[in-house]
Each structure stands twice: as C-alpha cells, then as structure tokens.
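All remarks here apply to the structure that follows.
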Amino acid sequence: MKIMVAIKRVIDYAVKIRVKPDKSGVVTQNVKMSMNPFCEIALEEALRMRESGLASEVVAVTMGPSQCLDTLRTGLAMGADRGIHVDSTSALHPLHVAKILMNLVQIEKPSLIILGKQAIDDDCNQTGQMVAGLLNWPQGTFASKATPSKLKNQAFAPTMWWGFPKDKSNMSQIGKKEYTHGTMKSLIDVVLDKEKEEVTVDREVDDGIETVQLKLPAVITTDLRLNQPRYATLPNIMKAKSKPIKKFTPQELNVEIKSDLEIVEVTEPPKRKAGVMVSSVDDLIDKLKNEAKVI
Amino acid sequence: MVNRNCRATLRLVTLINRQGHPHPPLSSSPSGIDACWKQLQRNNVHGEHKIVSFFSPLASSLKTRQWGVNIQSRCYGSASVLVQRNPKFSKLNDEDVRYFEGILGAKNVIQDDEKLITANTDWMRKYKGSSKLLLQPRTTDQVSEILKYCNFRCLAVVPQGGNTGLVGGSVPVFDEVVVSLSAMSKIISFDKVSGILVCEAGCILENIISFLDNEGFIMPLDLGAKGSCQIGGNVSTNAGGLRLLRYGSLHGNVLGIEAVLADGTVLDMLKTLRKDNTGYDLKHLFIGSEGSLGIVTKVSILTPPKLSSVNVAFLACKDYSSCQKLLQEARRKLGEILSAFEFLDSNAMNLVLNHLEGARNPLPTSLHNFYVLIETTGSDESSDKQKLEAFLLGSMENELISDGALAQDINQASSFWLLREGIPEALMRAGAVYKYDLSIPVEKMYNLVEEMRSRLGNDANVVGYGHLGDGNLHLNVSTPQYDDKILSQIEPFVYEWTSKHHGSISAEHGLGLMKANKIFYSKSPETVKVMTSIKKLLDPNHILNPYKVLPCSSIS
C-alpha cells in the first residue's frame with residue numbers, strides 16, 4: 001500500500017514574524033524556512049505505518065519554487081522513499097494544491113493521503129478536506145491521540161519505533177521518556193486494518209474525540225498530538241541523497257494556477273496595551289463606562 | 001546539609017531581626033575533622049570582644065548590639081581558611097541609612113527581609129551573607145555618591161547584578177552593603193551601521209539579545225543564565241559562554257566601560273571606537289576583576305550581525321580521542337562557520353534526560369559514551385548546510401562519529417541546546433553538586449574526569465561536560481548531599497592536578513569567594529603581588545567586594 005504525504009515549506013515556527021512595510025505580506029527574505037510542523041507529524045505517521053508493515057512506500061510531495069527541494073530532502077532524510085516536486089513560482093492556494101494532488105493521485109495511485117491539518121503560514125485548514133472532496137474519498141481530519149479503538153483483526157502499530165538499545169543491561173540508565181514513545185497507548189490513534197482495507201481515526205473535535213472508520217482509499221489530516229516527529233539522523237541523511245525526486249509542473253498535471261483571491265492588506269494585530277491600575281471602585285466604574293464603553 | 005542549613009538560617013535570621021537575639025545556634029558539622037574545616041567567626045567589635053562560639057546556642061548571655069556571624073557560608077567547606085570579618089569595616093547605623101535615603105530616595109533603600117534574603121543568597125544557594133541593606137541606584141552619579149560615602153565611612157560594599165555567579169562572588173560574606181545595579185537597565189544607544197551597543201550595566205542579557213534581534217544583530221556572548229544575568233556582571237566577570245569559540249572573549253568585544261572607583265571617582269572610558277591606542281587600556285583591568293576594582297555602570301560592546309543560517313548537529317562519539325579529532329576536523333572543514341563546539345559525557349546526558357522535562361534524546365537507539373554538539377552560523381543557508389552535511393558524513397565514514405542527528409528547524413535546534421544548557425539545572429535537581437570549572441589542554445581534559453571517577457568510586461556521580469572548543473572542562477561531582485569526606489577527596493586534588501598540567505583553576509567562573517585563596521595554583525606569586533598593588537591603588541580601603549578574588553593573606 002502506498003501512502004502519499006504532502007509537505008509544505010513555511011517560515012519556521014520559532015521565527016518572529018514581521019509584516020512588510022508596504023503591508024503586502026510578511027517578510028520572508030533571509031528568514032529561516034522549514035517544514036510545516038503538522039506536515040512533519042503527517043510524515044512521521046506515514047513512516048510509522050510503513051515501519052509496522054502496513055504500508056510499502058511513502059511518497060513525499062511538495063509544491064513551490066526550487067527552494068522547496070530543501071524541505072523535500074528533509075522529508076527524505078526522515079525516511080520517505082521517494083519525493084515529488086511540483087515546480088511553481090506562483091502563490092499556491094489550497095484549491096490549487098488540492099487539484100494538483102488529485103491529479104498526482106491518478107499517476108501515483110496511493111491508498112492513503114496524509115496531510116497536516118493546516119499550514120502555519122496561512123492557517124487555512126482547507127487542503128485536506130478539498131482533496132477528499134475532489135477525489136470523493138472519505139476523510140478523517142484532526143487525527144490525534146486517543147484511546148485504542150477495539151476492532152477485530154487489527155494490525156497494531158508496533159511498540160518499537162526507536163528500537164531498544166542493544167545492550168539491555170543499560171536499560172536502567174535510560175530515561176522513562178524513551179519508552180513512552182514505544183508504549184501502546186500513544187500509538188493507537190490511527191489504526192490501519194490491512195485486510196479490511198479500513199482505517200480508524202480518532203478525531204479531536206470541539207466536543208471531544210470522535211472516532212470514524214474510513215474505507216480506503218482515504219484522506220487523513222493530522223493534529224498536533226498525533227505523534228512526535230523523529231530527528232533526521234546522519235545515516236538517513238546519507239541514504240536520502242540517493243532517493244529519487246520526480247519533477248512535475250502544474251501544466252503537466254492539467255492544473256491552471258489562477259487565483260480568485262487577492263490579498264488586499266496584511267497588518268499586525270493591535271499591540272496589547274499596558275494595564276491601568278485603578279485606585280477605587282468608582283474609578284473603575286468610570287473607566288468602564290467612559291473609556292472601555294462596556295457599561 | 002547545606003540546603004537544610006539555609007532554611008534554618010532563614011528562620012533564625014528572621015527570628016533575630018525580630019527579637020534582637022544576636023546569636024543564633026549553629027548546627028555543627030557532623031564530621032569531626034580538624035579545626036581548619038570548622039567555621040568559627042569571631043566578631044570583634046571595636047573593643048567589644050564577644051567570641052561567638054557555635055557550640056553555645058542562645059542568647060541571653062550574649063548581648064552584643066551588633067553581630068555578624070555568618071552562619072551558613074562554607075558548610076560544605078570549600079574554603080579551608082577561616083574567613084574573619086575584617087574589623088576595620090564599620091558597622092551600618094541609622095545615620096548611614098538616612099544618608100542613603102537622601103541620595104537615592106527611600107524607595108531605593110531596601111531593608112525589607114525578603115528582598116534582603118534574595119540579595120544575600122547566591123544562585124546555587126551555597127553562600128549566604130548577612131547584609132542588612134540593599135541599595136538600588138538609578139544613575140552613575142548615585143553610585144558615585146554611595147561609594148564616596150562608603151569609602152569615607154569604611155563600609156564594605158558588594159556590587160550585585162543578576163546574582164547568577166557560581167563562586168559566591170556576588171553575595172555578601174558578612175554584612176557588606178549590597179549595591180544592586182538592577183535599576184540601571186536602560187539601553188542608551190545602538191549604532192546600526194557598526195553594531196556598537198551602549199547600555200547600562202543592569203540590562204539583563206536576554207533583554208539585550210531580544211532588542212538586538214529586532215535590529216538584526218546578536219550578542220557575542222550567550223550563556224545558560226541569560227534570563228537573569230546582567231551585562232555589568234558579565235563584563236565584570238569576563239563571562240565566557242557558548243559562543244566564545246566564534247566571537248572571542250569580552251576583552252575583545254567590549255569597546256568601553258564606565259566604572260566608579262571605590263572613592264567615588266567616575267572613570268568614563270565609554271568610547272565606541274574599535275581602535276584607540278592612547279595610553280594604557282584600563283578597561284581591561286575592570287573586565288574580569290569581579291567588582292573588586294570598581295563598579296561597572298555602563299558598557300559599550302561590539303555586536304556581530306545576526307546571520308540567517310544557523311545549523312545545529314548533535315553527534316555521538318565512542319571515546320574522547322574521537323571528540324578531539326572531531327574538533328580538529330571541524331576547525332578545518334567548517335572553518336569560519338563554526339560557532340560552537342560543546343561536549344558532554346554519558347553521565348551528563350543521563351542526568352539531563354532524567355531530571356529535565358522536555359529533554360529528548362535525539363539518538364536513542366543506543367547509549368553512547370560522548371556526545372558533541374556542533375553549531376554553525378553563516379550567511380548562506382544552502383551552502384552552510386552542504387558544508388556541514390559533507391563534514392558530518394565524512395566524519396561518519398572515518399568513524400569519528402558513531403551516530404548523529406541534524407536539526408531541521410529552530411525547535412529541534414533548541415531541543416539539542418537544551419540538552420547541553422540544561423545540565424547545570426539538572427545537576428541542581430539531582431542533589432548536591434561540587435562544581436569545578438577548569439581550563440586544561442584538550443588532550444588531557446578527560447583524564448581528570450576519569451581519575452576523579454576512580455578516586456570517588458560509587459560515592460559520587462562524576463560528570464564532565466564543557467566547551468571542548470575552548471579547552472574548558474566543567475567538572476561536576478553530584479552527590480545526594482554535601483559531605484566533607486567527598487570534598488576532601490576532590491580538593492585540593494583537582495587544583496593540584498590542574499596546576500600540574502598548567503591549566504587554570506577557574507576558566508570562566510572567576511575566583512569569587514570559593515577560590516579566593518587558590519589563585520596561586522594558576523598564577524605566580526609575583527603576578528599576585530602586582531595584582532595586590534593595583535588593588536591597593538584603586539581601592540585603598542578595600543571596601544569593594546572584600547574577602548574575594550585575591551588571597552586574604554596578601555591583603556592586610
């Protein structure tokens with residue numbers, strides 16, 4: 001079974017964002033860019049499924065200018081088998097991405113598409129849902145940690161993500177945290193059933209957790225608590241150099257990048273004003289009435 | 001033992017302040033070692049001879065008006081010397097307090113117990129003074145007035161910044177007046193073209209870093225204590241930190257300082273020039289003098305531009321010689337982009353993973369003996385990454401490193417740094433810790449750790465980590481509680497060993513109170529003699545940070 005993971009190159013999460021003086025967008029020059037955190041989680045989930053034997057191949061897809069290849073290589077260094085780069089210098093909105101993914105699906109024919117629930121630069125939270133709609137596939141969005149779902153003949157993801165240390169006598173020296181990655185509880189939130197060709201997803205919704213069962217092929221978007229992405233270790237970085245990357249353009253995929261949206265203005269949110277100390281209740285009432293105008 | 005004493009001390013101090021009992025009972029050290037380990041301070045007050053013995057608790061028979069027993073101080077006994085309160089220092093009286101209130105205003109003259117306790121205790125909670133007065137001047141003139149008066153009255157003074165020092169140099173030993181620079185925290189000017197920043201000594205390092213971040217610059221020094229330490233203190237102690245490998249020490253980066261001498265004279269050496277060869281460059285005396293020659297009130301520092309591409313790699317090596325070879329290779333292959341090279345051994349790694357929340361092992365598949373953290377800073381993201389990757393893959397092929405991980409975004413980079421910067425905190429949480437900060441030739445550095453391990457055996461957890469790139473080892477011995485027996489195994493062996501290998505007994509922490517009498521392990525008597533004469537010249541009454549830095553024997 002093939003899994004396709006879409007990853008996006010965005011401004012690094014830890015960078016302090018500044019608005020351009022002409023208010024047309026945010027400053028991206030000389031700013032550190034990296035993989036969208038949710039996409040990292042999506043890729044991690046796909047890799048775990050492959051490692052448990054439920055999937056045979058993980059393909060990472062990225063769209064954008066040539067700099068996106070860095071992010072794709074990171075994805076390959078984490079463990080993806082192949083990469084696809086859709087080269088486009090124009091701004092890609094969720095609908096464009098969804099259409100491109102739809103056409104890629106005809107070529108690659110994956111059984112599962114995993115995406116991050118949203119990108120941290122536009123916070124759209126639309127692509128996964130649009131892809132599912134275009135393909136007419138079931139979707140399980142906001143997949144998160146949850147209690148294991150109880151179905152028969154389930155193939156559980158195994159408990160040994162990181163592997164145990166070779167020398168077991170040293171186990172007592174290892175912190176407990178190393179094991180929590182490997183306990184059953186944290187893993188069974190997305191359960192793939194190979195025989196039944198179904199995937200069970202626990203979704204984090206406002207009311208709590210909703211469990212849905214999807215027939216493959218399906219679309220899953222990942223939320224923050226699903227897993228903790230792995231680091232790119234040197235042996236994997238070395239292997240990544242020889243992994244193939246296929247290039248496409250939107251034209252080849254019959255997608256026209258025409259934008260129906262025009263960004264008019266980007267401004268910073270108003271700065272939080274300092275609090276004011278009031279000396280008496282009368283003063284407070286006066287301020288609430290006249291300044292804040294709430295009473 | 002020390003921590004318990006601290007709390008007991010706190011209670012007693014408050015008790016005494018309330019009831020006026022001059023003499024609190026002292027819990028005696030359990031081990032019956034010879035007299036030089038016992039702490040007995042005599043309080044000779046202008047002819048009033050009251051010998052305060054710690055075996056006789058309480059109170060009623062001893063009615064000294066003024067007392068100055070330093071209770072906690074060296075319970076763990078690093079100072080093998082009796083420190084006595086110098087009788088020529090006057091005692092604080094109400095007239096003094098009123099005079100200070102006149103200069104500073106009542107708000108900045110603090111006698112409140114709680115605030116005094118914080119000012120009297122150091123970060124490690126090892127040293128506790130008994131100062132009764134904390135002053136917070138806001139301008140250099142106020143500092144000058146304070147010192148002029150203290151010099152005239154012969155009142156001892158301790159300049160205090162962020163109080164994050166690790167050798168007891170920032171807290172009073174007895175009842176010295178604490179002059180805190182925290183209120184002087186303005187950034188005076190910043191030149192965007194040259195990157196020269198002028199600010200007051202009380203600016204917290206992290207605040208300066210965020211200010212500079214907005215402007216596109218960084219501070220040339222970075223330490224784990226950046227959230228609390230102040231630049232005046234950093235300059236006065238010539239702090240090293242994580243970036244010394246790349247940007248050099250503060251002696252190179254500080255362009256000018258404004259300092260106030262003991263008699264109140266303001267020495268304005270606050271130039272913002274890269275080059276100024278006019279006469280003797282006195283600012284270097286103050287950088288690293290630990291507040292004993294003058295109080296630094298303003299600093300002008302050269303800040304490097306912030307480069308966009310920062311890469312952090314966390315690597316594992318199987319033995320110390322691979323770490324050394326890796327350093328040599330890194331210097332050669334990474335060259336100008338190398339900005340930090342830190343190492344930690346497996347004991348340090350385990351401590352951090354066990355005691356610090358949020359610490360995650362990037363190389364969990366097996367336990368390695370040594371871990372190295374390499375950071376590169378450059379202007380071109382792709383070429384830097386290529387360089388670093390090529391270097392790392394080459395090192396792996398040559399079997400210099402057995403495994404490694406490369407941070408893919410800023411969060412991962414911070415989590416790698418947490419493993420290295422969190423070691424001191426993890427050590428504090430693990431119990432008692434004996435800290436040593438030594439400069440040793442790189443080839444021999446780890447030999448000391450191994451020798452300490454064989455000396456102490458199972459009694460203690462010997463942890464070695466540090467700035468391998470600078471040849472600076474932080475040797476820490478972690479035990480469940482302080483024990484003089486263990487201490488006697490460590491000292492003076494550590495100092496003698498370091499001295500034998502021509503190293504420094506204090507690479508970046510300074511001498512403070514902890515190593516005040518140990519300077520001879522690293523400096524010749526003639527050098528110390530000249531230092532003493534400089535001290536006499538600039539501070540004839542020895543009121544600035546007494547009992548610290550230079551040996552008591554040399555200062556009469």
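We label chains A, B, ... in the order they appear in the structure tokens, count residues from 1 in each chain, and number ligands from 1 in the order shown.
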
Inset, instruction - Please determine the contact residues of chain B with respect to chain A at a cut-off of 7 Å, counting only C-alpha atoms, and supply them as a list of chain:residue names. - result: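 For chain B, the answer reads B:Ser308, B:Asn350, B:Leu353, B:Asn354, B:Pro362, B:Pro364, B:Thr365, B:Ser366, B:Leu367, B:Leu393, B:Asp403, B:Gly404, B:Ala405, B:Leu406, B:Ala407, B:Gln408, B:Asp409, B:Ile410, B:Asn411.
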
Inset, instruction - Give me the residues within 12 Å of Trp137 of chain A as a VMD selection string, counting only C-alpha atoms and dropping any in the same chain fewer than 3 places off. - result: chain A and resid 102 105 110 to 113 128 to 134 140 214 to 220

Inset, instruction - Could you tell me how far atom CA of Tyr547 of chain B lies from atom CA of Asn151 of chain B, in Å and to one decimal? - result: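 Calculated distance between atom CA of Tyr547 of chain B and atom CA of Asn151 of chain B is 16.4 Å.
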
Name all residues at most 9 Å from Gly291 of chain B (count only C-alpha atoms; drop same-chain ones fewer than 5 positions away) and give them as an mmCIF file with N, CA, C and O atoms, in the first residue's frame.
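Output file around-v4.cif is given in full below:
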```cif
data_model
loop_
_atom_site.group_PDB
_atom_site.id
_atom_site.type_symbol
_atom_site.label_atom_id
_atom_site.label_comp_id
_atom_site.auth_asym_id
_atom_site.auth_seq_id
_atom_site.Cartn_x
_atom_site.Cartn_y
_atom_site.Cartn_z
ATOM 1 N N VAL B 158 29.261 45.311 48.286
ATOM 2 C CA VAL B 158 29.264 44.227 47.304
ATOM 3 C C VAL B 158 28.434 44.679 46.106
ATOM 4 O O VAL B 158 27.233 44.894 46.242
ATOM 5 N N PRO B 159 29.046 44.836 44.920
ATOM 6 C CA PRO B 159 28.233 45.173 43.747
ATOM 7 C C PRO B 159 27.510 43.905 43.299
ATOM 8 O O PRO B 159 28.097 42.822 43.277
ATOM 9 N N GLN B 160 26.239 44.052 42.944
ATOM 10 C CA GLN B 160 25.484 42.851 42.568
ATOM 11 C C GLN B 160 24.704 43.109 41.284
ATOM 12 O O GLN B 160 24.090 44.149 41.120
ATOM 13 N N GLY B 169 30.762 35.157 44.382
ATOM 14 C CA GLY B 169 31.346 36.489 44.287
ATOM 15 C C GLY B 169 30.316 37.600 44.288
ATOM 16 O O GLY B 169 30.654 38.771 44.378
ATOM 17 N N SER B 170 29.029 37.226 44.179
ATOM 18 C CA SER B 170 28.019 38.262 44.034
ATOM 19 C C SER B 170 27.225 38.518 45.302
ATOM 20 O O SER B 170 26.357 39.373 45.319
ATOM 21 N N GLY B 233 27.555 42.499 35.184
ATOM 22 C CA GLY B 233 28.158 41.350 35.843
ATOM 23 C C GLY B 233 28.945 40.490 34.863
ATOM 24 O O GLY B 233 30.038 40.015 35.162
ATOM 25 N N SER B 236 32.128 42.304 34.306
ATOM 26 C CA SER B 236 32.996 42.278 35.484
ATOM 27 C C SER B 236 33.595 40.911 35.734
ATOM 28 O O SER B 236 34.648 40.796 36.357
ATOM 29 N N THR B 237 32.940 39.862 35.264
ATOM 30 C CA THR B 237 33.488 38.527 35.481
ATOM 31 C C THR B 237 34.091 37.948 34.214
ATOM 32 O O THR B 237 34.531 36.809 34.211
ATOM 33 N N PHE B 286 39.156 46.202 34.563
ATOM 34 C CA PHE B 286 37.844 46.005 35.174
ATOM 35 C C PHE B 286 37.151 44.767 34.636
ATOM 36 O O PHE B 286 36.376 44.136 35.346
ATOM 37 N N VAL B 296 31.170 48.601 37.572
ATOM 38 C CA VAL B 296 30.914 48.925 36.177
ATOM 39 C C VAL B 296 29.483 49.450 36.063
ATOM 40 O O VAL B 296 28.540 48.786 36.501
ATOM 41 N N LEU B 544 35.617 47.374 48.304
ATOM 42 C CA LEU B 544 34.877 46.750 47.203
ATOM 43 C C LEU B 544 35.035 45.237 47.225
ATOM 44 O O LEU B 544 36.132 44.706 47.073
ATOM 45 N N ASN B 545 33.888 44.561 47.403
ATOM 46 C CA ASN B 545 33.862 43.089 47.358
ATOM 47 C C ASN B 545 34.999 42.435 48.146
ATOM 48 O O ASN B 545 35.826 41.700 47.622
#
```

Inset, instruction - Please run DSSP on the backbone and report, as an MDAnalysis selection string, all residues within segment 290-513 of chain B that come out as helix (DSSP H, G or I). - result: chainID B and resid 320:333 335:337 346:355 381:397 410:421 423:430 442:459 468:470 484:490 493:500

Legend entry - atom CA of Phe152 of chain B to atom CA of Ser553 of chain B, straight-line distance in Å: 24.2 Å

Legend entry - Shortest interatomic distance to Leu76 of chain A - which of A:Arg203, A:Lys109, A:Lys243, A:Lys23, counting only C-alpha atoms: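 Answer, going by the shortest atom-to-atom distance: A:Lys243.
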
Inset, instruction - Using only C-alpha atoms, determine which residues lie at most 6 Å from segment 115-128 of chain B, disregarding the query and same-chain residues fewer than 3 positions distant; provide the list as an MDAnalysis selection string. - result: chainID B and resid 73 112 164 168 171

Inset, instruction - Mind giving me the straight-line distance from atom CA of Phe493 of chain B to atom CA of Cys323 of chain B in Å, one decimal? - result: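 Separation between atom CA of Phe493 of chain B and atom CA of Cys323 of chain B: 25.4 Å.
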